[in-house]
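The file work.txt comes next; it holds compact mmCIF, C-alpha atoms.
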# COMPACT_ATOMS: atom_id res chain seq x y z
CA MET W 1 29.35 -11.00 -3.52
CA PRO W 2 26.88 -13.96 -3.80
CA SER W 3 28.29 -16.97 -5.56
CA PRO W 4 27.10 -17.56 -9.14
CA TYR W 5 27.77 -21.28 -8.59
CA LEU W 6 25.68 -21.91 -5.48
CA LYS W 7 21.86 -21.91 -5.74
CA LEU W 8 19.17 -22.33 -3.11
CA GLN W 9 15.66 -23.65 -3.67
CA PRO W 10 13.75 -21.86 -2.35
CA ALA W 11 15.62 -18.69 -1.42
CA TRP W 12 13.26 -17.86 1.48
CA ALA W 13 12.69 -20.05 4.54
CA LEU W 14 11.65 -20.17 8.17
CA PRO W 15 13.78 -21.69 10.92
CA GLY W 16 13.35 -25.46 10.92
CA ALA W 17 12.48 -25.61 7.21
CA ARG W 18 14.23 -27.68 4.55
CA VAL W 19 16.18 -26.05 1.72
CA TYR W 20 17.90 -27.65 -1.28
CA LEU W 21 21.35 -26.41 -2.28
CA THR W 22 23.11 -27.02 -5.57
CA SER W 23 26.59 -25.97 -6.64
CA THR W 24 29.19 -26.71 -9.27
CA HIS W 25 31.74 -26.91 -6.43
CA LEU W 26 30.14 -29.49 -4.12
CA PRO W 27 32.62 -31.46 -2.01
CA SER W 28 32.56 -35.22 -2.53
CA PRO W 29 30.13 -36.89 -0.07
CA ILE W 30 32.29 -40.06 0.03
CA ASP W 31 33.77 -39.16 3.42
CA GLY W 32 30.42 -38.09 4.83
CA PRO W 33 28.10 -35.15 4.20
CA PRO W 34 29.75 -31.73 3.94
CA ARG W 35 29.22 -29.16 6.66
CA VAL W 36 26.74 -26.41 5.77
CA PHE W 37 26.44 -23.13 7.66
CA VAL W 38 23.55 -20.66 7.70
CA GLY W 39 25.08 -17.47 8.97
CA ASP W 40 27.22 -18.53 11.94
CA ASP W 41 25.10 -21.61 12.74
CA GLU W 42 25.76 -25.07 11.40
CA ALA W 43 22.77 -26.62 9.61
CA ARG W 44 21.74 -30.25 9.84
CA VAL W 45 22.35 -31.99 6.52
CA ILE W 46 19.67 -34.61 5.81
CA ALA W 47 20.74 -35.68 2.31
CA ALA W 48 23.82 -35.14 0.15
CA SER W 49 24.93 -36.26 -3.28
CA SER W 50 27.15 -35.03 -6.07
CA ARG W 51 24.14 -33.08 -7.37
CA GLY W 52 22.98 -31.27 -4.26
CA ILE W 53 22.54 -31.02 -0.50
CA ARG W 54 19.31 -30.85 1.45
CA PHE W 55 19.62 -29.19 4.84
CA VAL W 56 17.48 -27.88 7.68
CA VAL W 57 17.66 -24.19 8.55
CA PRO W 58 18.84 -24.09 12.19
CA PRO W 59 15.83 -23.60 14.48
CA GLY W 60 17.68 -20.88 16.36
CA SER W 61 18.49 -18.78 13.30
CA SER W 62 18.28 -15.06 14.01
CA GLY W 63 16.43 -14.22 10.80
CA GLY W 64 17.12 -11.71 8.08
CA THR W 65 19.40 -12.27 5.08
CA LEU W 66 21.93 -14.95 6.08
CA THR W 67 24.75 -16.39 4.00
CA VAL W 68 24.65 -20.12 3.29
CA ARG W 69 28.10 -21.60 2.71
CA ILE W 70 29.70 -25.03 2.45
CA GLU W 71 32.81 -25.70 4.49
CA GLY W 72 35.79 -26.16 2.19
CA ALA W 73 34.04 -24.82 -0.93
CA PRO W 74 35.60 -21.86 -2.77
CA ASP W 75 32.25 -20.08 -3.11
CA ASP W 76 31.44 -16.98 -1.07
CA GLY W 77 28.03 -18.44 -0.35
CA ALA W 78 24.46 -17.55 -1.30
CA PRO W 79 21.90 -15.38 0.52
CA LEU W 80 18.96 -17.05 2.27
CA LEU W 81 16.16 -14.84 3.57
CA VAL W 82 15.07 -16.30 6.91
CA GLY W 83 11.90 -15.22 8.70
CA ARG W 84 11.93 -13.65 12.14
CA MET W 85 9.50 -14.76 14.84
CA LEU W 86 7.15 -11.88 15.69
CA THR W 87 4.88 -13.44 18.29
CA THR W 88 3.68 -16.79 19.59
CA ASP W 89 1.00 -18.18 21.94
CA ILE W 90 -1.81 -17.46 19.47
CA HIS W 91 -4.27 -19.69 17.58
CA GLN W 92 -4.65 -18.94 13.88
CA VAL W 93 -7.11 -20.79 11.65
CA ASP W 94 -6.64 -18.52 8.62
CA SER W 95 -4.38 -15.66 7.59
CA PRO W 96 -3.54 -12.71 9.82
CA LEU W 97 -4.42 -9.24 8.49
CA PHE W 98 -2.65 -5.90 8.13
CA ASP W 99 -4.66 -2.71 8.48
CA ASP W 100 -3.96 0.45 6.49
CA ALA W 101 -1.48 1.63 9.13
CA GLY W 102 0.55 -1.57 8.84
CA ARG W 103 -0.60 -3.00 12.17
CA LEU W 104 -1.10 -6.77 12.18
CA TYR W 105 -4.23 -8.46 13.57
CA VAL W 106 -3.94 -12.05 14.82
CA THR W 107 -6.37 -14.39 16.54
CA HIS W 108 -6.56 -16.64 19.56
CA SER W 109 -9.42 -18.69 18.19
CA GLY W 110 -9.75 -21.69 20.51
CA GLY W 111 -11.96 -24.71 19.97
CA ARG W 112 -15.73 -25.07 19.93
CA ASP W 113 -17.35 -23.87 23.17
CA THR W 114 -14.00 -22.46 24.31
CA HIS W 115 -14.07 -18.89 25.60
CA VAL W 116 -10.78 -17.04 25.72
CA PRO W 117 -10.54 -13.68 27.48
CA VAL W 118 -8.56 -12.11 24.61
CA PRO W 119 -9.60 -13.49 21.20
CA LEU W 120 -7.77 -10.85 19.10
CA TYR W 121 -4.42 -9.08 19.24
CA ARG W 122 -3.06 -6.13 17.30
CA ILE W 123 0.68 -5.90 16.76
CA GLY W 124 2.29 -2.56 15.94
CA SER W 125 5.34 -1.90 13.81
CA ASP W 126 7.37 -1.83 17.04
CA GLY W 127 6.38 -5.46 17.72
CA VAL W 128 4.25 -4.61 20.77
CA ARG W 129 1.21 -6.89 21.05
CA GLU W 130 -1.98 -5.12 22.13
CA PRO W 131 -4.88 -7.27 23.46
CA LEU W 132 -8.36 -6.66 22.07
CA ALA W 133 -10.87 -8.12 24.53
CA VAL W 134 -13.80 -8.13 22.12
CA GLU W 135 -16.78 -10.46 22.40
CA ILE W 136 -16.11 -12.62 19.34
CA PRO W 137 -16.25 -16.38 19.95
CA ASN W 138 -13.77 -18.48 17.95
CA PRO W 139 -12.51 -15.69 15.64
CA THR W 140 -11.51 -17.36 12.39
CA SER W 141 -10.89 -15.19 9.33
CA LEU W 142 -10.16 -11.49 8.96
CA ALA W 143 -10.83 -9.08 6.10
CA ARG W 144 -10.46 -5.35 5.49
CA ASN W 145 -13.34 -3.41 4.00
CA PRO W 146 -12.38 -0.85 1.33
CA ASP W 147 -13.22 1.82 3.92
CA GLY W 148 -10.45 0.41 6.15
CA SER W 149 -12.60 -1.27 8.81
CA ILE W 150 -11.83 -4.81 9.96
CA TYR W 151 -14.30 -7.72 9.84
CA VAL W 152 -14.00 -11.05 11.66
CA SER W 153 -15.83 -14.35 11.12
CA SER W 154 -16.91 -16.67 13.95
CA ARG W 155 -17.02 -20.16 12.50
CA PHE W 156 -19.08 -21.99 15.12
CA ASP W 157 -21.57 -19.16 15.75
CA ALA W 158 -22.24 -18.55 12.01
CA GLN W 159 -21.57 -14.84 12.39
CA VAL W 160 -19.42 -12.00 11.06
CA PHE W 161 -18.48 -9.03 13.23
CA LYS W 162 -17.20 -5.55 12.45
CA LEU W 163 -14.55 -3.95 14.66
CA THR W 164 -15.42 -0.37 15.55
CA ALA W 165 -12.96 2.52 15.83
CA ASP W 166 -12.98 2.14 19.62
CA ASP W 167 -12.18 -1.60 19.40
CA ARG W 168 -15.64 -3.03 20.05
CA ALA W 169 -17.27 -5.81 18.06
CA GLU W 170 -20.58 -5.13 16.31
CA LEU W 171 -22.57 -7.98 14.78
CA PHE W 172 -22.65 -7.49 11.01
CA ALA W 173 -24.42 -10.66 9.82
CA GLY W 174 -25.55 -14.01 11.19
CA GLU W 175 -26.88 -17.41 10.11
CA LEU W 176 -23.91 -17.93 7.78
CA GLY W 177 -23.29 -21.64 8.32
CA LEU W 178 -19.73 -22.62 9.28
CA ALA W 179 -18.43 -19.14 8.49
CA THR W 180 -14.71 -19.20 7.76
CA GLY W 181 -12.93 -17.32 4.92
CA LEU W 182 -13.69 -13.65 4.23
CA ALA W 183 -12.90 -11.34 1.30
CA PHE W 184 -14.15 -7.93 0.21
CA ALA W 185 -14.76 -6.68 -3.32
CA PRO W 186 -13.86 -3.04 -4.06
CA ASP W 187 -17.55 -2.05 -3.92
CA GLY W 188 -17.88 -3.27 -0.31
CA THR W 189 -19.52 -6.60 -1.08
CA LEU W 190 -18.38 -9.21 1.44
CA TYR W 191 -17.87 -12.87 0.51
CA VAL W 192 -18.06 -15.49 3.25
CA GLY W 193 -16.96 -19.08 2.91
CA ASP W 194 -19.32 -21.51 4.63
CA ARG W 195 -17.00 -24.50 4.82
CA SER W 196 -19.93 -26.90 4.45
CA GLY W 197 -19.95 -26.00 0.75
CA SER W 198 -21.32 -22.51 0.07
CA ILE W 199 -19.82 -19.15 -0.79
CA LEU W 200 -22.18 -16.50 0.56
CA ARG W 201 -22.38 -12.94 -0.71
CA ILE W 202 -23.37 -10.03 1.54
CA SER W 203 -24.16 -6.73 -0.16
CA PRO W 204 -23.24 -3.42 1.49
CA ASP W 205 -26.89 -3.14 2.61
CA LYS W 206 -26.55 -6.61 4.27
CA ARG W 207 -28.59 -8.67 1.81
CA VAL W 208 -27.30 -12.27 1.82
CA ASP W 209 -27.44 -14.75 -1.04
CA THR W 210 -25.57 -17.87 -2.13
CA PHE W 211 -22.93 -16.85 -4.65
CA ALA W 212 -21.52 -20.32 -5.49
CA SER W 213 -21.30 -23.91 -4.30
CA LEU W 214 -18.06 -25.86 -3.82
CA PRO W 215 -17.05 -29.20 -2.30
CA PRO W 216 -17.02 -28.87 1.52
CA SER W 217 -13.74 -28.35 3.34
CA VAL W 218 -12.51 -30.42 6.28
CA ALA W 219 -10.91 -27.32 7.81
CA ALA W 220 -11.83 -23.88 6.47
CA PHE W 221 -12.43 -22.02 3.25
CA HIS W 222 -9.76 -19.40 2.50
CA LEU W 223 -10.73 -16.49 0.23
CA ALA W 224 -8.93 -13.79 -1.77
CA TYR W 225 -10.48 -11.24 -4.13
CA GLY W 226 -8.39 -10.77 -7.28
CA PRO W 227 -7.62 -7.70 -9.39
CA ASP W 228 -9.49 -9.40 -12.24
CA GLY W 229 -12.77 -9.12 -10.31
CA CYS W 230 -12.84 -12.84 -9.53
CA LEU W 231 -12.98 -14.56 -6.17
CA TYR W 232 -10.30 -17.16 -5.41
CA VAL W 233 -10.97 -19.97 -2.95
CA ALA W 234 -8.84 -22.62 -1.27
CA ALA W 235 -10.91 -25.46 0.16
CA PRO W 236 -8.61 -28.12 1.69
CA THR W 237 -10.07 -31.63 1.75
CA LEU W 238 -8.81 -35.04 2.85
CA SER W 239 -7.40 -35.58 -0.64
CA THR W 240 -3.69 -35.03 -1.35
CA ARG W 241 -4.64 -33.26 -4.61
CA ASP W 242 -6.52 -30.00 -4.15
CA VAL W 243 -6.90 -26.92 -6.36
CA ILE W 244 -7.45 -23.19 -6.15
CA TYR W 245 -10.91 -22.31 -7.44
CA ARG W 246 -11.79 -19.12 -9.33
CA ILE W 247 -15.35 -17.76 -9.30
CA THR W 248 -16.18 -15.11 -11.88
CA PRO W 249 -18.58 -12.20 -11.21
CA ASP W 250 -21.28 -14.11 -13.11
CA ARG W 251 -20.78 -17.11 -10.77
CA LEU W 252 -18.89 -19.43 -13.10
CA VAL W 253 -16.58 -21.73 -11.14
CA ASP W 254 -13.37 -23.06 -12.68
CA VAL W 255 -9.92 -24.21 -11.56
CA ALA W 256 -7.40 -21.37 -11.39
CA CYS W 257 -4.42 -23.57 -10.50
CA GLU W 258 -3.74 -27.24 -9.84
CA GLY W 259 -0.78 -28.86 -8.13
CA PHE W 260 -1.60 -28.22 -4.47
CA GLY W 261 -1.97 -30.80 -1.73
CA ARG W 262 -3.55 -28.82 1.12
CA PRO W 263 -3.82 -25.13 0.16
CA GLN W 264 -4.79 -22.68 2.86
CA GLY W 265 -4.39 -18.90 3.36
CA MET W 266 -3.87 -16.63 0.31
CA ALA W 267 -2.92 -13.05 -0.57
CA PHE W 268 -2.43 -11.02 -3.78
CA ASP W 269 0.47 -8.64 -4.37
CA THR W 270 0.48 -5.53 -6.56
CA ALA W 271 1.81 -7.48 -9.54
CA GLY W 272 -1.33 -9.64 -9.50
CA LEU W 273 0.48 -12.76 -8.27
CA LEU W 274 -1.40 -14.96 -5.85
CA TYR W 275 0.55 -16.28 -2.85
CA VAL W 276 -0.82 -19.51 -1.37
CA VAL W 277 0.15 -21.39 1.77
CA GLU W 278 0.65 -25.12 1.21
CA ALA W 279 0.30 -27.26 4.34
CA LEU W 280 0.86 -30.74 2.90
CA ALA W 281 3.73 -32.51 4.70
CA GLY W 282 6.77 -32.83 2.48
CA ALA W 283 5.78 -29.86 0.32
CA ALA W 284 4.83 -27.31 2.98
CA GLY W 285 5.62 -23.67 2.43
CA LEU W 286 4.54 -20.62 0.48
CA TYR W 287 3.85 -20.80 -3.26
CA ARG W 288 2.84 -18.26 -5.87
CA PHE W 289 1.37 -18.28 -9.37
CA ASP W 290 -0.02 -15.85 -11.92
CA PRO W 291 -3.77 -16.42 -12.42
CA ARG W 292 -3.49 -14.76 -15.85
CA ASP W 293 -1.43 -17.68 -17.19
CA ALA W 294 -3.34 -20.25 -19.22
CA SER W 295 -1.90 -23.18 -17.25
CA PRO W 296 -0.13 -21.78 -14.20
CA VAL W 297 2.32 -23.92 -12.24
CA PRO W 298 2.75 -22.97 -8.57
CA GLU W 299 6.30 -21.95 -7.68
CA MET W 300 7.61 -22.56 -4.17
CA VAL W 301 9.10 -19.32 -2.86
CA LEU W 302 9.45 -20.16 0.84
CA SER W 303 9.96 -23.39 2.75
CA ALA W 304 8.25 -23.65 6.11
CA PRO W 305 6.69 -26.38 8.21
CA GLY W 306 3.04 -26.11 9.19
CA LEU W 307 1.74 -22.76 7.92
CA VAL W 308 -1.95 -21.79 7.73
CA GLY W 309 -1.90 -18.20 6.48
CA VAL W 310 -0.12 -15.29 4.82
CA ALA W 311 -0.58 -11.51 4.77
CA ILE W 312 1.21 -8.80 2.76
CA SER W 313 1.91 -5.50 4.51
CA PRO W 314 0.94 -2.16 2.92
CA HIS W 315 4.47 -1.05 3.83
CA GLY W 316 6.22 -4.06 2.31
CA GLY W 317 6.97 -7.48 3.73
CA LEU W 318 5.19 -10.71 4.55
CA ALA W 319 3.57 -12.09 7.68
CA LEU W 320 3.27 -15.86 7.84
CA ALA W 321 1.17 -17.76 10.35
CA SER W 322 1.37 -21.25 11.74
CA ASN W 323 -1.32 -22.32 14.19
CA ASP W 324 0.56 -20.72 17.10
CA THR W 325 3.27 -18.41 15.73
CA ILE W 326 3.63 -15.37 13.45
CA TRP W 327 6.77 -14.87 11.39
CA THR W 328 7.79 -11.85 9.30
CA LEU W 329 10.00 -11.38 6.24
CA ASP W 330 11.24 -8.07 4.90
CA LEU W 331 10.37 -8.05 1.21
CA PRO W 332 9.40 -5.35 -1.32
CA LEU W 333 5.82 -6.59 -1.58
CA THR W 334 2.61 -4.61 -1.17
CA PRO W 335 -1.00 -5.78 -1.39
CA LEU W 336 -3.58 -4.95 -3.99
CA ARG W 337 -6.36 -2.73 -2.74
Please re-express this file's structure in structure tokens.
Amino acid sequence: MPSPYLKLQPAWALPGARVYLTSTHLPSPIDGPPRVFVGDDEARVIAASSRGIRFVVPPGSSGGTLTVRIEGAPDDGAPLLVGRMLTTDIHQVDSPLFDDAGRLYVTHSGGRDTHVPVPLYRIGSDGVREPLAVEIPNPTSLARNPDGSIYVSSRFDAQVFKLTADDRAELFAGELGLATGLAFAPDGTLYVGDRSGSILRISPDKRVDTFASLPPSVAAFHLAYGPDGCLYVAAPTLSTRDVIYRITPDRLVDVACEGFGRPQGMAFDTAGLLYVVEALAGAAGLYRFDPRDASPVPEMVLSAPGLVGVAISPHGGLALASNDTIWTLDLPLTPLR
């Protein structure tokens, strides 16, 4: 039974991440830091006091729900949900994407003027990675149309492509600036983040207009369409204090949540909570907040170094992306349609 005296903050993590442990039964650190174990592996303790212990999840952790315990403490330990590595040798700029069948799409984006033979991969529930050799240069962001089809932005070519049922890429729209983040409204309207400072709106009949203007991003715009009918945007800058923007259907722009340093990929769950990747060193991980709150405060739910994106599976669970690796966590979460 989990100990009522030992607490972890946060309770989810990836291998190599930092977690803070508190307990009413902490051994005295006078004779050196106590030994902490995550499952069967000893963790590296980086700070210890009478109030708590900060440790690093062993990089070789197997993943799943692992018990954290302190050597010599009477507690039975506390559960830590650790992500499992799904695939590596990719290049993500934004979040991966689940399709309706629960298959995960990831990118191998590359740099400007770089052509890679396989720019997209599709990963099935069995973990098998299937190459998609489509002609999409520098694939950046992914979005699912309400009809289930997948769309991909190409940031340096100012284009958005649609994937066909036979895994070909059809040009959907062009001349979209530095096209990065994508999000669909329930009526099929597509929003495209031009990271130079514009949010573009493309109607189902392909008419393009400027929906809103925001400060430019040094990396990429990241978009999520909320259950309240508003568009949410992360636009990381060189500042250490960035926000999540909310744009209403009548184009009013306000701040949905403060307290971020370098927010990136986002995803909504069925409860209407917005999950946001934070990439600022020292605070990196996955956070969530409720946009319906008057003054929401982001809560860290997962510690992880260097993430860029997050996706929520239609069958439950999270996919988390660093620039080169995808991790999964088994959680009872499903996305909003």
Give as a list in words each residue that has an atom at most 10 Å from (-8.1, -11.0, 3.7) in the file, counting all atoms listed in the file.
-> Asp94, Ser95, Pro96, Leu97, Phe98, Ser141, Leu142, Ala143, Arg144, Asn145, Ile150, Tyr151, Val152, Gly181, Leu182, Ala183, Phe184, His222, Leu223, Ala224, Tyr225, Gly265, Met266, Ala267, Phe268, Gly309, Val310, Ala311 and Ile312 of chain W
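In this model, the gap between atom CA of W:Val68 and atom CA of W:Val38 comes to 4.6 Å.
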Excluding W:Ser23 and any residue of its chain fewer than 5 positions from it, enumerate the residues within 12 Å of it, using only C-alpha atoms, and give them as a PyMOL selection string.
-> chain W and resi 3-9+28+48-54+68-70+73-78
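Proximity to W:Asp324 was assessed for W:Pro79, W:Gly197, W:Gly110, W:Pro33 counting all atoms listed in the file; the smallest distance is recorded for W:Gly110.
Taking only C-alpha atoms into account, W:Gly317 lies nearest to W:Leu333 out of the set W:Val118, W:Leu333, W:Val19, W:Ala165.
From atom CA of W:Thr140 back to atom CA of W:Asp113, the distance works out to 13.9 Å.
Between atom CA of W:Arg292 and atom CA of W:Val277 the separation is 19.2 Å.
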